[in-house]
Amino acid sequence: MLLDDASAEFHEFFERHYAELARLAHLLTGETDAADDLAADALIALWQRWDRLRAADHPLAYARGVVANMARARIRSAVRERRRILLFWSRSPEGTDGPDVAAVLDVRTALARLPFRKRACVVLRHAFDLSEKDTAVALGISVGTVKSQTSKGMAELERALGARAVGELTTGRRNR
């Protein structure tokens with residue numbers, strides 16, 4: 001079966017970028033299974049607009065933005081669901097103990113504690129090595145916002161993990 005040009009281009013885009021988009025979704029949500037679903041859903045959305053998107057200057061940046069927006073929506077939905085569950089269970093007469101706080105925070109836990117925009121900026125800048133400009137395009141925000149959100153996010157990670165651990169994460173990654 002021969003593919004038309006648009007189908008062939010999209011297939012090539014899919015093959016080249018699916019794993020990266022799934023990794024982005026995983027780092028933003030912390031959920032492996034959800035990451036694959038989000039990447040697939042984002043690519044379906046891209047396919048539906050592929051005729052217009054394939055002529056764009058930066059279709060990958062647009063794809064990252066779609067993944068980020070879908071991840072944000074998933075996180076918000078999960079938070080609302082947790083609140084509903086907590087509300088339901090808080091009506092029971094039995095009390096519950098406070099949460100079991102882990103002695104050591106790993107990077108994913110610390111990232112999950114960052115507000116979405118800070119997390120997205122830190123992940124795109126440091127895990128994906130995107131420039132400030134590319135990060136801004138992917139998230140639909142200004143370069144100045146990327147700079148401030150990345151800086152604030154890294155400061156929060158340093159407080160949670162320690163400056164040495166964060167330094168090892170950012171310098172160790174670049175030395176690979």
# chains A, B, ... in the order shown; residues from 1 in each chain; ligands from 1
call {"tool": "residues_around", "arguments": {"residues": "segment 19-28 of chain A", "least_positions_apart": "3", "cutoff": "12 Å", "atoms": "only C-alpha atoms", "output": "count of residues only"}}
result
58
call {"tool": "select_by_dssp", "arguments": {"residues": "segment 7-163 of chain A", "states": "helix (DSSP H, G or I)", "output": "compact mmCIF listing (two decimals) with N, CA, C and O atoms, in the first residue's frame"}}
result
# COMPACT_ATOMS: atom_id res chain seq x y z
N SER A 7 0.75 11.42 4.52
CA SER A 7 0.81 10.24 5.39
C SER A 7 2.25 9.82 5.63
O SER A 7 2.62 9.47 6.75
N ALA A 8 3.04 9.85 4.59
CA ALA A 8 4.46 9.47 4.72
C ALA A 8 5.19 10.44 5.63
O ALA A 8 5.99 10.02 6.49
N GLU A 9 4.93 11.73 5.47
CA GLU A 9 5.57 12.73 6.34
C GLU A 9 5.15 12.55 7.79
O GLU A 9 5.98 12.62 8.69
N PHE A 10 3.87 12.32 8.00
CA PHE A 10 3.41 12.13 9.38
C PHE A 10 4.00 10.86 9.97
O PHE A 10 4.42 10.85 11.13
N HIS A 11 4.04 9.78 9.19
CA HIS A 11 4.63 8.53 9.67
C HIS A 11 6.08 8.76 10.09
O HIS A 11 6.52 8.28 11.13
N GLU A 12 6.83 9.49 9.28
CA GLU A 12 8.23 9.79 9.61
C GLU A 12 8.29 10.65 10.89
O GLU A 12 9.12 10.39 11.76
N PHE A 13 7.42 11.65 11.01
CA PHE A 13 7.38 12.50 12.21
C PHE A 13 7.07 11.64 13.43
O PHE A 13 7.72 11.76 14.47
N PHE A 14 6.09 10.76 13.30
CA PHE A 14 5.71 9.85 14.39
C PHE A 14 6.90 9.00 14.81
O PHE A 14 7.23 8.92 16.00
N GLU A 15 7.53 8.34 13.87
CA GLU A 15 8.66 7.46 14.17
C GLU A 15 9.80 8.21 14.84
O GLU A 15 10.45 7.69 15.73
N ARG A 16 10.04 9.44 14.40
CA ARG A 16 11.15 10.22 14.92
C ARG A 16 10.88 10.78 16.31
O ARG A 16 11.79 10.91 17.12
N HIS A 17 9.61 11.11 16.63
CA HIS A 17 9.35 11.90 17.83
C HIS A 17 8.45 11.25 18.87
O HIS A 17 8.29 11.79 19.97
N TYR A 18 7.86 10.10 18.57
CA TYR A 18 6.95 9.49 19.54
C TYR A 18 7.62 9.22 20.89
O TYR A 18 7.09 9.57 21.94
N ALA A 19 8.79 8.62 20.89
CA ALA A 19 9.48 8.27 22.15
C ALA A 19 9.79 9.52 22.96
O ALA A 19 9.60 9.53 24.18
N GLU A 20 10.23 10.57 22.29
CA GLU A 20 10.53 11.82 22.99
C GLU A 20 9.27 12.43 23.61
O GLU A 20 9.29 12.89 24.75
N LEU A 21 8.18 12.40 22.86
CA LEU A 21 6.92 12.96 23.38
C LEU A 21 6.40 12.14 24.54
O LEU A 21 5.88 12.68 25.52
N ALA A 22 6.56 10.82 24.47
CA ALA A 22 6.16 9.96 25.59
C ALA A 22 7.03 10.23 26.81
O ALA A 22 6.53 10.26 27.95
N ARG A 23 8.31 10.44 26.60
CA ARG A 23 9.22 10.76 27.71
C ARG A 23 8.84 12.09 28.35
O ARG A 23 8.82 12.23 29.58
N LEU A 24 8.52 13.08 27.54
CA LEU A 24 8.08 14.38 28.06
C LEU A 24 6.82 14.19 28.90
O LEU A 24 6.73 14.70 30.02
N ALA A 25 5.86 13.45 28.38
CA ALA A 25 4.62 13.21 29.12
C ALA A 25 4.90 12.49 30.43
O ALA A 25 4.31 12.81 31.47
N HIS A 26 5.83 11.54 30.41
CA HIS A 26 6.17 10.80 31.64
C HIS A 26 6.79 11.73 32.67
O HIS A 26 6.44 11.68 33.85
N LEU A 27 7.69 12.58 32.25
CA LEU A 27 8.33 13.50 33.19
C LEU A 27 7.35 14.54 33.72
O LEU A 27 7.48 14.98 34.87
N LEU A 28 6.37 14.91 32.92
CA LEU A 28 5.39 15.90 33.39
C LEU A 28 4.34 15.29 34.30
O LEU A 28 3.88 15.93 35.23
N THR A 29 3.95 14.03 34.05
CA THR A 29 2.89 13.42 34.84
C THR A 29 3.41 12.45 35.89
O THR A 29 2.73 12.19 36.88
N THR A 32 3.94 6.27 33.84
CA THR A 32 4.44 5.61 32.63
C THR A 32 3.32 5.27 31.65
O THR A 32 3.41 5.58 30.46
N ASP A 33 2.27 4.64 32.14
CA ASP A 33 1.16 4.25 31.26
C ASP A 33 0.48 5.47 30.66
O ASP A 33 0.14 5.49 29.47
N ALA A 34 0.27 6.48 31.47
CA ALA A 34 -0.37 7.70 30.99
C ALA A 34 0.49 8.39 29.94
O ALA A 34 -0.03 9.00 29.01
N ALA A 35 1.80 8.28 30.08
CA ALA A 35 2.70 8.93 29.14
C ALA A 35 2.50 8.40 27.72
O ALA A 35 2.43 9.18 26.77
N ASP A 36 2.42 7.09 27.59
CA ASP A 36 2.19 6.51 26.27
C ASP A 36 0.84 6.96 25.70
O ASP A 36 0.74 7.29 24.53
N ASP A 37 -0.17 6.95 26.56
CA ASP A 37 -1.50 7.39 26.11
C ASP A 37 -1.49 8.85 25.69
O ASP A 37 -2.08 9.22 24.66
N LEU A 38 -0.85 9.70 26.49
CA LEU A 38 -0.81 11.13 26.17
C LEU A 38 -0.06 11.38 24.85
O LEU A 38 -0.50 12.19 24.03
N ALA A 39 1.06 10.70 24.67
CA ALA A 39 1.81 10.88 23.43
C ALA A 39 0.98 10.42 22.24
O ALA A 39 0.93 11.10 21.20
N ALA A 40 0.31 9.30 22.38
CA ALA A 40 -0.54 8.80 21.29
C ALA A 40 -1.70 9.75 21.01
O ALA A 40 -1.99 10.07 19.85
N ASP A 41 -2.35 10.23 22.07
CA ASP A 41 -3.46 11.18 21.89
C ASP A 41 -2.98 12.47 21.24
O ASP A 41 -3.67 13.04 20.38
N ALA A 42 -1.81 12.94 21.64
CA ALA A 42 -1.26 14.16 21.04
C ALA A 42 -0.98 13.94 19.55
O ALA A 42 -1.28 14.81 18.73
N LEU A 43 -0.45 12.79 19.22
CA LEU A 43 -0.15 12.51 17.81
C LEU A 43 -1.43 12.34 16.99
O LEU A 43 -1.46 12.72 15.81
N ILE A 44 -2.47 11.82 17.59
CA ILE A 44 -3.76 11.76 16.89
C ILE A 44 -4.25 13.17 16.61
O ILE A 44 -4.71 13.47 15.50
N ALA A 45 -4.15 14.04 17.62
CA ALA A 45 -4.56 15.43 17.42
C ALA A 45 -3.72 16.10 16.33
O ALA A 45 -4.25 16.88 15.52
N LEU A 46 -2.45 15.80 16.31
CA LEU A 46 -1.58 16.37 15.28
C LEU A 46 -1.96 15.84 13.89
O LEU A 46 -1.95 16.60 12.91
N TRP A 47 -2.25 14.56 13.80
CA TRP A 47 -2.63 13.97 12.52
C TRP A 47 -3.87 14.66 11.96
O TRP A 47 -3.97 14.91 10.76
N GLN A 48 -4.81 14.98 12.84
CA GLN A 48 -6.05 15.62 12.40
C GLN A 48 -5.80 17.01 11.83
O GLN A 48 -6.61 17.52 11.07
N TRP A 50 -2.67 17.74 10.42
CA TRP A 50 -1.37 17.59 9.78
C TRP A 50 -1.23 18.42 8.51
O TRP A 50 -0.15 18.94 8.23
N ASP A 51 -2.29 18.57 7.74
CA ASP A 51 -2.19 19.35 6.50
C ASP A 51 -1.72 20.78 6.78
O ASP A 51 -0.92 21.33 6.04
N ARG A 52 -2.23 21.37 7.87
CA ARG A 52 -1.79 22.72 8.24
C ARG A 52 -0.47 22.69 8.99
O ARG A 52 0.39 23.53 8.80
N LEU A 53 -0.31 21.71 9.85
CA LEU A 53 0.85 21.65 10.74
C LEU A 53 2.14 21.33 10.00
O LEU A 53 3.20 21.85 10.34
N PRO A 59 6.89 22.07 13.85
CA PRO A 59 5.83 21.14 14.24
C PRO A 59 6.16 20.38 15.53
O PRO A 59 5.27 20.06 16.30
N LEU A 60 7.44 20.15 15.81
CA LEU A 60 7.80 19.46 17.05
C LEU A 60 7.50 20.33 18.26
O LEU A 60 7.02 19.84 19.29
N ALA A 61 7.76 21.62 18.16
CA ALA A 61 7.45 22.53 19.26
C ALA A 61 5.94 22.52 19.51
O ALA A 61 5.50 22.49 20.66
N TYR A 62 5.17 22.51 18.44
CA TYR A 62 3.72 22.45 18.58
C TYR A 62 3.32 21.13 19.25
O TYR A 62 2.47 21.11 20.14
N ALA A 63 3.95 20.05 18.84
CA ALA A 63 3.65 18.73 19.43
C ALA A 63 3.96 18.72 20.92
O ALA A 63 3.19 18.19 21.73
N ARG A 64 5.10 19.30 21.30
CA ARG A 64 5.44 19.38 22.73
C ARG A 64 4.40 20.18 23.49
O ARG A 64 4.04 19.84 24.61
N GLY A 65 3.93 21.26 22.89
CA GLY A 65 2.89 22.06 23.53
C GLY A 65 1.61 21.28 23.71
O GLY A 65 0.95 21.38 24.76
N VAL A 66 1.24 20.48 22.72
CA VAL A 66 0.04 19.65 22.82
C VAL A 66 0.19 18.65 23.96
O VAL A 66 -0.71 18.47 24.78
N VAL A 67 1.36 18.01 24.03
CA VAL A 67 1.62 17.05 25.12
C VAL A 67 1.55 17.76 26.47
O VAL A 67 0.93 17.26 27.42
N ALA A 68 2.19 18.92 26.57
CA ALA A 68 2.18 19.65 27.84
C ALA A 68 0.76 20.03 28.24
O ALA A 68 0.38 19.89 29.42
N ASN A 69 -0.04 20.49 27.30
CA ASN A 69 -1.42 20.86 27.62
C ASN A 69 -2.24 19.64 28.02
O ASN A 69 -3.05 19.70 28.96
N MET A 70 -2.05 18.53 27.34
CA MET A 70 -2.78 17.30 27.70
C MET A 70 -2.33 16.79 29.07
O MET A 70 -3.15 16.31 29.85
N ALA A 71 -1.04 16.91 29.37
CA ALA A 71 -0.54 16.49 30.68
C ALA A 71 -1.13 17.38 31.77
O ALA A 71 -1.56 16.88 32.83
N ARG A 72 -1.18 18.67 31.52
CA ARG A 72 -1.78 19.60 32.49
C ARG A 72 -3.24 19.24 32.74
O ARG A 72 -3.69 19.18 33.89
N ALA A 73 -3.97 18.97 31.69
CA ALA A 73 -5.39 18.61 31.84
C ALA A 73 -5.53 17.31 32.63
O ALA A 73 -6.42 17.19 33.49
N ARG A 74 -4.66 16.34 32.36
CA ARG A 74 -4.71 15.07 33.09
C ARG A 74 -4.42 15.28 34.57
O ARG A 74 -5.07 14.70 35.43
N ILE A 75 -3.42 16.08 34.87
CA ILE A 75 -3.07 16.35 36.26
C ILE A 75 -4.22 17.06 36.97
O ILE A 75 -4.59 16.70 38.09
N ARG A 76 -4.79 18.05 36.33
CA ARG A 76 -5.93 18.77 36.93
C ARG A 76 -7.10 17.82 37.19
O ARG A 76 -7.75 17.89 38.23
N SER A 77 -7.35 16.95 36.24
CA SER A 77 -8.44 15.99 36.40
C SER A 77 -8.15 15.05 37.58
O SER A 77 -9.04 14.76 38.38
N ALA A 78 -6.92 14.59 37.68
CA ALA A 78 -6.54 13.70 38.78
C ALA A 78 -6.66 14.41 40.13
O ALA A 78 -7.12 13.82 41.12
N VAL A 79 -6.27 15.67 40.17
CA VAL A 79 -6.38 16.43 41.42
C VAL A 79 -7.85 16.58 41.82
O VAL A 79 -8.22 16.39 42.98
N ARG A 80 -8.70 16.90 40.85
CA ARG A 80 -10.14 17.01 41.16
C ARG A 80 -10.69 15.69 41.66
O ARG A 80 -11.46 15.65 42.62
N GLU A 81 -10.27 14.59 41.02
CA GLU A 81 -10.74 13.27 41.45
C GLU A 81 -10.27 12.95 42.87
O GLU A 81 -11.05 12.45 43.68
N ARG A 82 -9.02 13.25 43.16
CA ARG A 82 -8.51 13.02 44.53
C ARG A 82 -9.29 13.83 45.56
O ARG A 82 -9.58 13.34 46.65
N ARG A 83 -9.60 15.06 45.21
CA ARG A 83 -10.38 15.90 46.14
C ARG A 83 -11.76 15.31 46.39
O ARG A 83 -12.25 15.31 47.51
N ARG A 84 -12.39 14.81 45.32
CA ARG A 84 -13.71 14.19 45.49
C ARG A 84 -13.60 12.96 46.38
O ARG A 84 -14.44 12.72 47.25
N ILE A 85 -12.58 12.15 46.17
CA ILE A 85 -12.39 10.95 46.99
C ILE A 85 -12.13 11.34 48.44
O ILE A 85 -12.72 10.76 49.36
N LEU A 86 -11.27 12.32 48.64
CA LEU A 86 -10.99 12.77 50.01
C LEU A 86 -12.26 13.30 50.69
O LEU A 86 -12.49 13.04 51.87
N LEU A 87 -13.04 14.04 49.94
CA LEU A 87 -14.30 14.55 50.48
C LEU A 87 -15.21 13.39 50.90
O LEU A 87 -15.81 13.41 51.97
N PHE A 88 -15.29 12.39 50.04
CA PHE A 88 -16.12 11.24 50.33
C PHE A 88 -15.64 10.54 51.60
O PHE A 88 -16.41 10.24 52.49
N TRP A 89 -14.33 10.26 51.66
CA TRP A 89 -13.80 9.52 52.79
C TRP A 89 -13.72 10.36 54.06
O TRP A 89 -13.72 9.81 55.16
N SER A 90 -13.65 11.67 53.93
CA SER A 90 -13.57 12.50 55.13
C SER A 90 -14.90 12.50 55.89
O SER A 90 -14.94 12.86 57.05
N VAL A 107 14.05 12.56 42.36
CA VAL A 107 13.81 13.64 41.42
C VAL A 107 12.36 13.68 40.95
O VAL A 107 11.75 14.75 40.87
N ARG A 108 11.78 12.54 40.66
CA ARG A 108 10.38 12.54 40.19
C ARG A 108 9.43 13.07 41.25
O ARG A 108 8.50 13.80 40.91
N THR A 109 9.67 12.71 42.49
CA THR A 109 8.80 13.21 43.56
C THR A 109 8.96 14.72 43.69
O THR A 109 7.98 15.44 43.83
N ALA A 110 10.21 15.17 43.64
CA ALA A 110 10.45 16.61 43.75
C ALA A 110 9.84 17.35 42.55
O ALA A 110 9.23 18.41 42.72
N LEU A 111 9.97 16.79 41.35
CA LEU A 111 9.37 17.41 40.17
C LEU A 111 7.84 17.46 40.30
O LEU A 111 7.22 18.45 39.95
N ALA A 112 7.27 16.39 40.80
CA ALA A 112 5.82 16.33 40.93
C ALA A 112 5.30 17.39 41.88
O ALA A 112 4.15 17.82 41.76
N ARG A 113 6.13 17.85 42.78
CA ARG A 113 5.71 18.88 43.74
C ARG A 113 5.77 20.29 43.16
O ARG A 113 5.23 21.21 43.74
N PHE A 116 2.82 23.12 37.72
CA PHE A 116 2.96 22.60 36.36
C PHE A 116 3.90 23.42 35.49
O PHE A 116 4.78 22.88 34.83
N ARG A 117 3.75 24.74 35.46
CA ARG A 117 4.55 25.55 34.54
C ARG A 117 6.04 25.48 34.91
O ARG A 117 6.88 25.37 34.04
N LYS A 118 6.34 25.52 36.20
CA LYS A 118 7.74 25.40 36.62
C LYS A 118 8.28 24.03 36.22
O LYS A 118 9.40 23.91 35.71
N ARG A 119 7.49 22.99 36.47
CA ARG A 119 7.91 21.63 36.12
C ARG A 119 8.15 21.52 34.62
O ARG A 119 9.16 20.97 34.19
N ALA A 120 7.23 22.04 33.83
CA ALA A 120 7.37 21.95 32.37
C ALA A 120 8.63 22.68 31.90
O ALA A 120 9.37 22.17 31.06
N CYS A 121 8.89 23.86 32.45
CA CYS A 121 10.09 24.62 32.06
C CYS A 121 11.35 23.87 32.45
O CYS A 121 12.28 23.75 31.65
N VAL A 122 11.41 23.37 33.67
CA VAL A 122 12.59 22.63 34.13
C VAL A 122 12.81 21.38 33.28
O VAL A 122 13.93 21.11 32.83
N VAL A 123 11.75 20.64 33.02
CA VAL A 123 11.88 19.40 32.23
C VAL A 123 12.33 19.70 30.81
O VAL A 123 13.27 19.07 30.30
N LEU A 124 11.70 20.67 30.17
CA LEU A 124 12.07 20.97 28.79
C LEU A 124 13.49 21.54 28.70
O LEU A 124 14.24 21.19 27.79
N ARG A 125 13.86 22.40 29.64
CA ARG A 125 15.20 23.00 29.61
C ARG A 125 16.28 22.00 29.97
O ARG A 125 17.31 21.93 29.31
N HIS A 126 16.07 21.22 31.04
CA HIS A 126 17.15 20.38 31.55
C HIS A 126 17.07 18.92 31.11
O HIS A 126 18.11 18.31 30.88
N ALA A 127 15.90 18.36 31.00
CA ALA A 127 15.81 16.96 30.58
C ALA A 127 15.85 16.85 29.05
O ALA A 127 16.40 15.89 28.52
N GLU A 132 15.84 28.32 25.70
CA GLU A 132 14.75 29.10 26.31
C GLU A 132 13.69 29.43 25.26
O GLU A 132 12.50 29.35 25.54
N LYS A 133 14.14 29.77 24.07
CA LYS A 133 13.21 30.12 22.99
C LYS A 133 12.33 28.92 22.61
O LYS A 133 11.12 29.05 22.48
N ASP A 134 12.95 27.75 22.42
CA ASP A 134 12.19 26.55 22.05
C ASP A 134 11.22 26.15 23.16
O ASP A 134 10.11 25.70 22.88
N THR A 135 11.63 26.32 24.39
CA THR A 135 10.75 26.02 25.52
C THR A 135 9.56 26.97 25.51
O THR A 135 8.41 26.55 25.71
N ALA A 136 9.84 28.24 25.27
CA ALA A 136 8.76 29.24 25.21
C ALA A 136 7.76 28.90 24.11
O ALA A 136 6.55 28.97 24.31
N VAL A 137 8.27 28.51 22.95
CA VAL A 137 7.39 28.15 21.82
C VAL A 137 6.55 26.93 22.19
O VAL A 137 5.34 26.90 21.95
N ALA A 138 7.18 25.93 22.78
CA ALA A 138 6.46 24.70 23.12
C ALA A 138 5.35 24.94 24.13
O ALA A 138 4.29 24.33 24.04
N LEU A 139 5.58 25.85 25.07
CA LEU A 139 4.59 26.08 26.12
C LEU A 139 3.68 27.28 25.83
O LEU A 139 2.73 27.52 26.58
N VAL A 143 9.81 34.11 26.60
CA VAL A 143 11.14 33.67 27.00
C VAL A 143 11.42 34.11 28.44
O VAL A 143 12.01 33.37 29.22
N GLY A 144 10.99 35.32 28.79
CA GLY A 144 11.18 35.80 30.16
C GLY A 144 10.48 34.92 31.18
O GLY A 144 11.02 34.65 32.27
N THR A 145 9.29 34.45 30.84
CA THR A 145 8.56 33.55 31.73
C THR A 145 9.30 32.22 31.86
O THR A 145 9.41 31.67 32.96
N VAL A 146 9.86 31.73 30.75
CA VAL A 146 10.65 30.50 30.80
C VAL A 146 11.82 30.69 31.75
O VAL A 146 12.09 29.84 32.61
N LYS A 147 12.53 31.81 31.62
CA LYS A 147 13.69 32.07 32.47
C LYS A 147 13.29 32.09 33.94
O LYS A 147 13.93 31.44 34.78
N SER A 148 12.25 32.85 34.27
CA SER A 148 11.87 32.98 35.68
C SER A 148 11.31 31.67 36.24
O SER A 148 11.65 31.27 37.36
N GLN A 149 10.49 30.98 35.46
CA GLN A 149 9.90 29.73 35.95
C GLN A 149 10.97 28.64 36.10
O GLN A 149 10.93 27.86 37.05
N THR A 150 11.92 28.60 35.18
CA THR A 150 13.01 27.63 35.29
C THR A 150 13.86 27.92 36.51
O THR A 150 14.19 27.02 37.29
N SER A 151 14.20 29.18 36.71
CA SER A 151 15.01 29.57 37.86
C SER A 151 14.31 29.25 39.17
O SER A 151 14.90 28.66 40.09
N LYS A 152 13.04 29.60 39.26
CA LYS A 152 12.28 29.32 40.49
C LYS A 152 12.11 27.81 40.69
O LYS A 152 12.20 27.32 41.82
N GLY A 153 11.87 27.09 39.61
CA GLY A 153 11.72 25.64 39.71
C GLY A 153 13.00 24.97 40.18
O GLY A 153 12.99 24.08 41.04
N MET A 154 14.13 25.41 39.63
CA MET A 154 15.42 24.84 40.05
C MET A 154 15.70 25.18 41.51
O MET A 154 16.24 24.35 42.25
N ALA A 155 15.34 26.38 41.94
CA ALA A 155 15.54 26.76 43.35
C ALA A 155 14.71 25.87 44.26
O ALA A 155 15.18 25.43 45.32
N GLU A 156 13.48 25.57 43.85
CA GLU A 156 12.64 24.68 44.66
C GLU A 156 13.20 23.26 44.69
O GLU A 156 13.18 22.60 45.73
N LEU A 157 13.72 22.80 43.55
CA LEU A 157 14.35 21.48 43.52
C LEU A 157 15.58 21.45 44.42
O LEU A 157 15.82 20.46 45.12
N GLU A 158 16.36 22.53 44.42
CA GLU A 158 17.53 22.59 45.29
C GLU A 158 17.12 22.50 46.76
O GLU A 158 17.77 21.83 47.55
N ARG A 159 16.04 23.19 47.11
CA ARG A 159 15.57 23.12 48.51
C ARG A 159 15.10 21.71 48.86
O ARG A 159 15.34 21.23 49.96
N ALA A 160 14.46 21.04 47.91
CA ALA A 160 13.94 19.70 48.18
C ALA A 160 15.02 18.63 48.14
O ALA A 160 15.01 17.71 48.95
N LEU A 161 15.95 18.75 47.20
CA LEU A 161 16.94 17.70 46.99
C LEU A 161 18.34 18.05 47.49
O LEU A 161 19.17 17.17 47.64
N ALA A 163 21.43 21.32 46.99
CA ALA A 163 22.12 21.95 45.86
C ALA A 163 23.06 20.98 45.17
O ALA A 163 23.18 20.97 43.94
call {"tool": "decode", "arguments": {"residues": "segment 76-89 of chain A", "atoms": "N, CA, C and O atoms", "output": "short mmCIF file (atom, residue, chain, number, x, y, z; two decimals), in the first residue's frame"}}
result
data_model
loop_
_atom_site.label_atom_id
_atom_site.label_comp_id
_atom_site.auth_asym_id
_atom_site.auth_seq_id
_atom_site.Cartn_x
_atom_site.Cartn_y
_atom_site.Cartn_z
N ARG A 76 -4.79 18.05 36.33
CA ARG A 76 -5.93 18.77 36.93
C ARG A 76 -7.10 17.82 37.19
O ARG A 76 -7.75 17.89 38.23
N SER A 77 -7.35 16.95 36.24
CA SER A 77 -8.44 15.99 36.40
C SER A 77 -8.15 15.05 37.58
O SER A 77 -9.04 14.76 38.38
N ALA A 78 -6.92 14.59 37.68
CA ALA A 78 -6.54 13.70 38.78
C ALA A 78 -6.66 14.41 40.13
O ALA A 78 -7.12 13.82 41.12
N VAL A 79 -6.27 15.67 40.17
CA VAL A 79 -6.38 16.43 41.42
C VAL A 79 -7.85 16.58 41.82
O VAL A 79 -8.22 16.39 42.98
N ARG A 80 -8.70 16.90 40.85
CA ARG A 80 -10.14 17.01 41.16
C ARG A 80 -10.69 15.69 41.66
O ARG A 80 -11.46 15.65 42.62
N GLU A 81 -10.27 14.59 41.02
CA GLU A 81 -10.74 13.27 41.45
C GLU A 81 -10.27 12.95 42.87
O GLU A 81 -11.05 12.45 43.68
N ARG A 82 -9.02 13.25 43.16
CA ARG A 82 -8.51 13.02 44.53
C ARG A 82 -9.29 13.83 45.56
O ARG A 82 -9.58 13.34 46.65
N ARG A 83 -9.60 15.06 45.21
CA ARG A 83 -10.38 15.90 46.14
C ARG A 83 -11.76 15.31 46.39
O ARG A 83 -12.25 15.31 47.51
N ARG A 84 -12.39 14.81 45.32
CA ARG A 84 -13.71 14.19 45.49
C ARG A 84 -13.60 12.96 46.38
O ARG A 84 -14.44 12.72 47.25
N ILE A 85 -12.58 12.15 46.17
CA ILE A 85 -12.39 10.95 46.99
C ILE A 85 -12.13 11.34 48.44
O ILE A 85 -12.72 10.76 49.36
N LEU A 86 -11.27 12.32 48.64
CA LEU A 86 -10.99 12.77 50.01
C LEU A 86 -12.26 13.30 50.69
O LEU A 86 -12.49 13.04 51.87
N LEU A 87 -13.04 14.04 49.94
CA LEU A 87 -14.30 14.55 50.48
C LEU A 87 -15.21 13.39 50.90
O LEU A 87 -15.81 13.41 51.97
N PHE A 88 -15.29 12.39 50.04
CA PHE A 88 -16.12 11.24 50.33
C PHE A 88 -15.64 10.54 51.60
O PHE A 88 -16.41 10.24 52.49
N TRP A 89 -14.33 10.26 51.66
CA TRP A 89 -13.80 9.52 52.79
C TRP A 89 -13.72 10.36 54.06
O TRP A 89 -13.72 9.81 55.16
#
